[in-house]
>>> print(open('my_file.pdb').read())   # PDB, C-alpha atoms
MODEL        1
ATOM      1  CA  ILE A   1      66.031 102.060  67.637
ATOM      2  CA  LEU A   2      67.361 103.701  70.791
ATOM      3  CA  ILE A   3      68.616 101.368  73.464
ATOM      4  CA  ASN A   4      69.529 102.706  76.896
ATOM      5  CA  MET A   5      72.126 100.613  78.646
ATOM      6  CA  THR A   6      73.292 101.068  82.224
ATOM      7  CA  VAL A   7      76.637  99.648  83.283
ATOM      8  CA  ARG A   8      76.271  98.482  86.840
ATOM      9  CA  ARG A   9      79.012  99.569  89.203
ATOM     10  CA  LEU A  10      79.323  98.070  92.635
ATOM     11  CA  LYS A  11      80.690 100.077  95.562
ATOM     12  CA  LYS A  12      82.198  98.413  98.603
ATOM     13  CA  THR A  13      83.958  99.703 101.714
ATOM     14  CA  VAL A  14      86.674  98.130 103.854
ATOM     15  CA  ASN A  15      88.478  99.146 107.032
ATOM     16  CA  ASN A  16      91.648  97.030 107.239
ATOM     17  CA  TRP A  17      93.941  94.782 105.195
ATOM     18  CA  THR A  18      91.988  91.631 106.006
ATOM     19  CA  THR A  19      88.657  93.023 104.810
ATOM     20  CA  LEU A  20      90.353  94.460 101.711
ATOM     21  CA  ASN A  21      91.534  90.982 100.735
ATOM     22  CA  GLU A  22      88.232  89.382 101.648
ATOM     23  CA  THR A  23      86.498  91.869  99.366
ATOM     24  CA  ILE A  24      88.888  91.551  96.425
ATOM     25  CA  ASN A  25      89.091  87.745  96.260
ATOM     26  CA  PRO A  26      85.441  87.137  95.198
ATOM     27  CA  LEU A  27      85.740  89.929  92.626
ATOM     28  CA  LYS A  28      88.221  87.865  90.647
ATOM     29  CA  THR A  29      85.226  86.169  89.034
ATOM     30  CA  ALA A  30      82.700  89.029  89.329
ATOM     31  CA  PRO A  31      80.845  90.485  86.295
ATOM     32  CA  GLU A  32      80.436  94.121  87.426
ATOM     33  CA  ASN A  33      82.894  97.001  87.604
ATOM     34  CA  THR A  34      83.650  97.604  91.271
ATOM     35  CA  THR A  35      85.026 100.427  93.408
ATOM     36  CA  ILE A  36      86.484  99.607  96.813
ATOM     37  CA  LYS A  37      86.797 102.529  99.197
ATOM     38  CA  LEU A  38      89.230 102.340 102.091
ATOM     39  CA  ASN A  39      87.671 103.737 105.246
ATOM     40  CA  PRO A  40      89.973 104.888 108.058
ATOM     41  CA  GLY A  41      91.775 101.870 109.486
ATOM     42  CA  THR A  42      95.047  99.935 109.603
ATOM     43  CA  TYR A  43      96.233  98.520 106.288
ATOM     44  CA  THR A  44      99.351  96.495 107.058
ATOM     45  CA  ALA A  45      99.912  93.945 104.311
ATOM     46  CA  GLU A  46     100.224  90.253 105.012
ATOM     47  CA  GLY A  47     100.929  89.393 101.394
ATOM     48  CA  ARG A  48     100.320  90.590  97.843
ATOM     49  CA  ILE A  49      97.091  91.473  96.040
ATOM     50  CA  ASP A  50      96.917  89.676  92.676
ATOM     51  CA  TRP A  51      94.365  90.913  90.130
ATOM     52  CA  GLU A  52      93.358  88.672  87.218
ATOM     53  CA  ASN A  53      89.745  89.467  86.218
ATOM     54  CA  ARG A  54      89.804  90.751  82.632
ATOM     55  CA  ASN A  55      86.052  91.371  82.498
ATOM     56  CA  ILE A  56      85.698  94.304  84.897
ATOM     57  CA  ILE A  57      87.424  97.490  86.004
ATOM     58  CA  LEU A  58      88.652  97.401  89.591
ATOM     59  CA  THR A  59      89.009 100.792  91.284
ATOM     60  CA  ILE A  60      90.686 101.066  94.659
ATOM     61  CA  ASP A  61      89.937 104.456  96.193
ATOM     62  CA  GLY A  62      92.320 104.879  99.085
ATOM     63  CA  ASN A  63      90.344 107.790 100.525
ATOM     64  CA  GLY A  64      93.612 109.185 101.886
ATOM     65  CA  GLN A  65      94.620 105.952 103.625
ATOM     66  CA  THR A  66      98.064 104.302 103.606
ATOM     67  CA  ILE A  67      98.903 100.715 102.777
ATOM     68  CA  ASN A  68     102.000  99.662 104.674
ATOM     69  CA  ALA A  69     103.164  96.845 102.431
ATOM     70  CA  ASN A  70     105.245  95.495 105.321
ATOM     71  CA  GLN A  71     108.109  94.297 103.081
ATOM     72  CA  HIS A  72     105.760  92.569 100.613
ATOM     73  CA  GLN A  73     105.099  93.499  97.012
ATOM     74  CA  ALA A  74     101.723  95.254  97.168
ATOM     75  CA  PHE A  75     100.042  94.635  93.773
ATOM     76  CA  TYR A  76     100.467  92.240  90.853
ATOM     77  CA  ILE A  77      98.270  93.191  87.887
ATOM     78  CA  GLN A  78      97.850  90.511  85.235
ATOM     79  CA  SER A  79      97.820  90.981  81.462
ATOM     80  CA  GLY A  80      94.529  92.166  79.999
ATOM     81  CA  THR A  81      93.120  93.494  83.258
ATOM     82  CA  THR A  82      92.231  97.094  84.171
ATOM     83  CA  VAL A  83      92.923  98.666  87.559
ATOM     84  CA  ILE A  84      92.603 102.213  88.893
ATOM     85  CA  LEU A  85      94.484 103.222  92.041
ATOM     86  CA  LYS A  86      93.607 106.623  93.444
ATOM     87  CA  ASN A  87      93.881 108.715  96.604
ATOM     88  CA  ILE A  88      96.194 106.207  98.277
ATOM     89  CA  THR A  89      99.727 105.909  99.677
ATOM     90  CA  VAL A  90     101.730 102.702  99.295
ATOM     91  CA  THR A  91     104.907 102.472 101.359
ATOM     92  CA  ASN A  92     107.474  99.938 102.627
ATOM     93  CA  ALA A  93     106.949  97.531  99.723
ATOM     94  CA  THR A  94     109.868  95.266  98.852
ATOM     95  CA  LYS A  95     110.852  92.896  96.070
ATOM     96  CA  ASN A  96     114.592  92.677  96.603
ATOM     97  CA  ASP A  97     114.976  89.529  94.514
ATOM     98  CA  GLY A  98     112.790  90.679  91.634
ATOM     99  CA  TYR A  99     110.704  93.284  89.855
ATOM    100  CA  GLY A 100     108.461  96.073  91.125
ATOM    101  CA  GLY A 101     108.656  96.888  94.816
ATOM    102  CA  ALA A 102     105.102  98.196  95.116
ATOM    103  CA  ILE A 103     103.537  97.269  91.765
ATOM    104  CA  TYR A 104     104.206  94.741  89.016
ATOM    105  CA  ASN A 105     102.000  95.654  86.057
ATOM    106  CA  ARG A 106     101.219  93.614  82.964
ATOM    107  CA  GLY A 107      97.751  95.097  82.383
ATOM    108  CA  ASN A 108      96.163  98.537  82.113
ATOM    109  CA  LEU A 109      96.827 100.621  85.203
ATOM    110  CA  THR A 110      95.831 104.182  86.082
ATOM    111  CA  ILE A 111      97.426 105.837  89.111
ATOM    112  CA  THR A 112      96.010 109.175  90.231
ATOM    113  CA  ASN A 113      96.494 111.416  93.278
ATOM    114  CA  THR A 114      98.616 108.701  94.853
ATOM    115  CA  THR A 115     101.967 108.495  96.656
ATOM    116  CA  LEU A 116     104.443 105.632  96.226
ATOM    117  CA  ASN A 117     107.011 106.173  98.933
ATOM    118  CA  ASN A 118     110.010 104.253 100.302
ATOM    119  CA  ASN A 119     109.619 101.113  98.183
ATOM    120  CA  THR A 120     112.486  98.855  97.100
ATOM    121  CA  ALA A 121     113.193  96.254  94.431
ATOM    122  CA  ASN A 122     116.052  94.926  92.385
ATOM    123  CA  ILE A 123     114.389  96.317  89.233
ATOM    124  CA  GLY A 124     111.793  99.111  89.484
ATOM    125  CA  GLY A 125     111.758 100.335  93.070
ATOM    126  CA  ALA A 126     108.111 101.418  93.018
ATOM    127  CA  ILE A 127     106.792 100.136  89.658
ATOM    128  CA  TYR A 128     107.802  97.516  87.124
ATOM    129  CA  ASN A 129     105.807  97.875  83.905
ATOM    130  CA  ASP A 130     106.225  94.704  81.889
ATOM    131  CA  TYR A 131     106.120  94.304  78.109
ATOM    132  CA  GLY A 132     102.567  94.992  76.929
ATOM    133  CA  GLY A 133     101.652  96.824  80.132
ATOM    134  CA  THR A 134     100.146 100.326  79.970
ATOM    135  CA  ILE A 135     100.250 102.848  82.805
ATOM    136  CA  THR A 136      98.946 106.403  83.151
ATOM    137  CA  ILE A 137     100.264 108.334  86.158
ATOM    138  CA  SER A 138      98.604 111.696  86.792
ATOM    139  CA  ASN A 139      96.870 114.240  89.014
ATOM    140  CA  HIS A 140      99.442 115.138  91.660
ATOM    141  CA  THR A 141     100.837 111.646  92.073
ATOM    142  CA  THR A 142     104.228 111.513  93.814
ATOM    143  CA  LEU A 143     106.909 108.813  93.605
ATOM    144  CA  GLN A 144     109.626 109.490  96.155
ATOM    145  CA  TYR A 145     112.396 107.831  98.166
ATOM    146  CA  ASN A 146     112.157 104.613  96.160
ATOM    147  CA  THR A 147     115.301 102.578  95.447
ATOM    148  CA  ALA A 148     116.418  99.877  93.040
ATOM    149  CA  ASN A 149     119.444  98.622  91.209
ATOM    150  CA  SER A 150     117.832  99.797  87.944
ATOM    151  CA  GLY A 151     114.909 102.219  87.740
ATOM    152  CA  GLY A 152     114.802 103.754  91.196
ATOM    153  CA  ALA A 153     111.101 104.610  90.898
ATOM    154  CA  ILE A 154     110.013 103.061  87.569
ATOM    155  CA  TYR A 155     111.298 100.431  85.193
ATOM    156  CA  ASN A 156     109.360 100.583  81.936
ATOM    157  CA  GLY A 157     109.155  97.724  79.465
ATOM    158  CA  GLY A 158     105.774  98.803  78.064
ATOM    159  CA  THR A 159     104.008 102.137  77.634
ATOM    160  CA  ILE A 160     103.752 104.832  80.300
ATOM    161  CA  THR A 161     102.258 108.325  80.309
ATOM    162  CA  ILE A 162     103.243 110.638  83.164
ATOM    163  CA  THR A 163     101.293 113.877  83.300
ATOM    164  CA  ASN A 164      99.345 116.541  85.190
ATOM    165  CA  HIS A 165     101.563 117.635  88.089
ATOM    166  CA  THR A 166     103.188 114.294  88.819
ATOM    167  CA  THR A 167     106.437 114.459  90.792
ATOM    168  CA  LEU A 168     109.331 111.983  90.892
ATOM    169  CA  GLN A 169     111.867 113.014  93.509
ATOM    170  CA  HIS A 170     114.580 111.622  95.782
ATOM    171  CA  ASN A 171     114.619 108.253  94.015
ATOM    172  CA  THR A 172     117.861 106.287  93.761
ATOM    173  CA  ALA A 173     119.324 103.649  91.456
ATOM    174  CA  THR A 174     122.522 101.902  92.423
ATOM    175  CA  SER A 175     123.142 101.382  88.697
ATOM    176  CA  ASP A 176     120.988 103.095  86.025
ATOM    177  CA  GLY A 177     117.925 105.348  85.902
ATOM    178  CA  GLY A 178     117.607 107.177  89.201
ATOM    179  CA  ALA A 179     113.931 107.919  88.618
ATOM    180  CA  ILE A 180     113.145 105.983  85.404
ATOM    181  CA  GLU A 181     114.733 103.228  83.367
ATOM    182  CA  ASN A 182     112.989 103.232  79.974
ATOM    183  CA  TRP A 183     113.151 100.386  77.492
ATOM    184  CA  VAL A 184     110.113 101.088  75.301
ATOM    185  CA  THR A 185     107.837 104.174  75.261
ATOM    186  CA  ILE A 186     107.262 106.850  77.859
ATOM    187  CA  THR A 187     105.490 110.213  77.523
ATOM    188  CA  ILE A 188     106.156 112.949  80.070
ATOM    189  CA  THR A 189     104.071 116.112  79.867
ATOM    190  CA  ASN A 190     102.007 118.832  81.575
ATOM    191  CA  HIS A 191     103.956 120.046  84.616
ATOM    192  CA  THR A 192     105.678 116.794  85.517
ATOM    193  CA  THR A 193     108.646 117.354  87.836
ATOM    194  CA  LEU A 194     111.752 115.174  88.155
ATOM    195  CA  GLN A 195     114.138 116.411  90.821
ATOM    196  CA  TYR A 196     116.812 115.177  93.226
ATOM    197  CA  ASN A 197     117.016 111.702  91.659
ATOM    198  CA  THR A 198     120.379 109.932  91.502
ATOM    199  CA  ALA A 199     122.025 107.001  89.754
ATOM    200  CA  THR A 200     125.495 105.593  90.225
ATOM    201  CA  ARG A 201     126.087 104.968  86.533
ATOM    202  CA  TYR A 202     123.702 106.309  83.843
ATOM    203  CA  GLY A 203     120.705 108.634  83.949
ATOM    204  CA  GLY A 204     120.277 110.435  87.243
ATOM    205  CA  ALA A 205     116.688 111.201  86.261
ATOM    206  CA  ILE A 206     116.067 108.986  83.192
ATOM    207  CA  ASP A 207     118.112 106.288  81.500
ATOM    208  CA  ASN A 208     116.653 105.839  78.023
ATOM    209  CA  TRP A 209     118.004 102.981  75.951
ATOM    210  CA  VAL A 210     118.908 103.670  72.332
ATOM    211  CA  GLY A 211     115.947 103.366  69.961
ATOM    212  CA  ASN A 212     113.286 103.843  72.626
ATOM    213  CA  THR A 213     110.899 106.802  72.793
ATOM    214  CA  ILE A 214     110.418 109.597  75.290
TER     215      ILE A 214
ENDMDL
END
>>> encode(input="my_file.pdb", output="structure tokens")
Amino acid sequence: ILINMTVRRLKKTVNNWTTLNETINPLKTAPENTTIKLNPGTYTAEGRIDWENRNIILTIDGNGQTINANQHQAFYIQSGTTVILKNITVTNATKNDGYGGAIYNRGNLTITNTTLNNNTANIGGAIYNDYGGTITISNHTTLQYNTANSGGAIYNGGTITITNHTTLQHNTATSDGGAIENWVTITITNHTTLQYNTATRYGGAIDNWVGNTI
């Protein structure tokens, strides 16, 4: 018996931060994988996007647009969910009292052809990957000018793969891990560049705790 099955994928377009939120909120209970494309417009955040639907894949295609997080954390990705961020810039995100300036991830996150620039947190200036979280960063993604006390660009408590011409540069930690603070498992391969990252104490590029895997 041959059964042909088609997975339905919805495509939606938005043109500013308000319509982005208005589009995402109903998808939290939606049954179909969905791609949201950002048309040219102004994306100045008025809060954080929380994603919690474990039943679908959410793709946000930035289409070359920039989200100005406006001193908010940009994305919180819950455990068991799957999100793809591509072709987007996220800048000016802040979580000074906590974790992950631009992104707090507990789920399955893919970041491709994206720039995370000038984001700040206490832990994980651009990204905080929590225990159990999985992230793949690839395809000419750049993390730059991000700052934190620990993990200037990335703080990893889960599993991260960084590959395919990704660049981490000019990130700063006031304590440890100028670019990356690694507590669990991180794989770095295929023309990844780490340059001009600084830390005051340990690991200008990477601070890897004893017993953890790079």
>>> residues_around(input="my_file.pdb", residues="region 164-171 of chain A", least_positions_apart="5", cutoff="10 Å", atoms="all atoms listed in the file", output="number ranges by chain")
A: 112-119, 125-126, 137-148, 151-154, 177-180, 188-199, 204-205
>>> atom_distance(input="my_file.pdb", atom1="CA of Asn105 (chain A)", atom2="CA of Ile77 (chain A)")
4.8 Å
>>> closest_residue(input="my_file.pdb", among="A:Thr174, A:Thr91, A:Asn25, A:Thr185", to="Tyr202 (chain A)", atoms="all atoms listed in the file")
A:Thr174
>>> residues_around(input="my_file.pdb", residues="Leu27 (chain A)", least_positions_apart="6", cutoff="9 Å", atoms="all atoms listed in the file", output="VMD selection string")
chain A and resid 34 53 56 58
>>> write_last_selection(input="my_file.pdb", atoms="C-alpha atoms", output="compact mmCIF listing (two decimals), in the frame of the given file")
# COMPACT_ATOMS: atom_id res chain seq x y z
CA THR A 34 83.65 97.60 91.27
CA ASN A 53 89.74 89.47 86.22
CA ILE A 56 85.70 94.30 84.90
CA LEU A 58 88.65 97.40 89.59
>>> atom_distance(input="my_file.pdb", atom1="CA of Leu20 (chain A)", atom2="CA of Arg48 (chain A)")
11.4 Å
>>> resolve_selection(input="my_file.pdb", expression="the PyMOL selection byres ((chain A and resi 23) around 12)", output="ChimeraX atom specification")
/A:10-22,24-30,34-38,49,58,60
>>> atom_distance(input="my_file.pdb", atom1="CA of Glu46 (chain A)", atom2="CA of Ala121 (chain A)")
17.8 Å
>>> closest_residue(input="my_file.pdb", among="A:Gly47, A:Gly80, A:Gly157, A:Gly62", to="Tyr99 (chain A)", atoms="only C-alpha atoms")
A:Gly157
>>> residues_around(input="my_file.pdb", residues="Tyr155 (chain A)", least_positions_apart="3", cutoff="8 Å", atoms="only C-alpha atoms", output="mmCIF file with C-alpha atoms, in the coordinates of the input")
data_model
loop_
_atom_site.group_PDB
_atom_site.id
_atom_site.type_symbol
_atom_site.label_atom_id
_atom_site.label_comp_id
_atom_site.auth_asym_id
_atom_site.auth_seq_id
_atom_site.Cartn_x
_atom_site.Cartn_y
_atom_site.Cartn_z
ATOM 1 C CA GLY A 100 108.461 96.073 91.125
ATOM 2 C CA ILE A 123 114.389 96.317 89.233
ATOM 3 C CA GLY A 124 111.793 99.111 89.484
ATOM 4 C CA GLY A 125 111.758 100.335 93.070
ATOM 5 C CA ILE A 127 106.792 100.136 89.658
ATOM 6 C CA TYR A 128 107.802 97.516 87.124
ATOM 7 C CA ASN A 129 105.807 97.875 83.905
ATOM 8 C CA SER A 150 117.832 99.797 87.944
ATOM 9 C CA GLY A 151 114.909 102.219 87.740
ATOM 10 C CA GLY A 152 114.802 103.754 91.196
ATOM 11 C CA ILE A 180 113.145 105.983 85.404
ATOM 12 C CA GLU A 181 114.733 103.228 83.367
ATOM 13 C CA ASN A 182 112.989 103.232 79.974
ATOM 14 C CA TRP A 183 113.151 100.386 77.492
#
>>> residues_around(input="my_file.pdb", residues="Leu109 (chain A)", least_positions_apart="4", cutoff="6 Å", atoms="all atoms listed in the file", output="list in words")
Thr82, Val83, Ile84 and Ile135 of chain A
>>> residues_around(input="my_file.pdb", residues="Gly133 (chain A)", least_positions_apart="4", cutoff="6 Å", atoms="all atoms listed in the file", output="JSON list (two decimals) with C-alpha atoms, in the coordinates of the input")
[["chain", "number", "residue", "atom", "x", "y", "z"],
["A", 106, "ARG", "CA", 101.22, 93.61, 82.96],
["A", 107, "GLY", "CA", 97.75, 95.10, 82.38],
["A", 129, "ASN", "CA", 105.81, 97.88, 83.90],
["A", 158, "GLY", "CA", 105.77, 98.80, 78.06]]
>>> resolve_selection(input="my_file.pdb", expression="the PyMOL selection byres ((chain A and resi 96) around 6)", output="ChimeraX atom specification")
/A:94-95,97-98,121-122
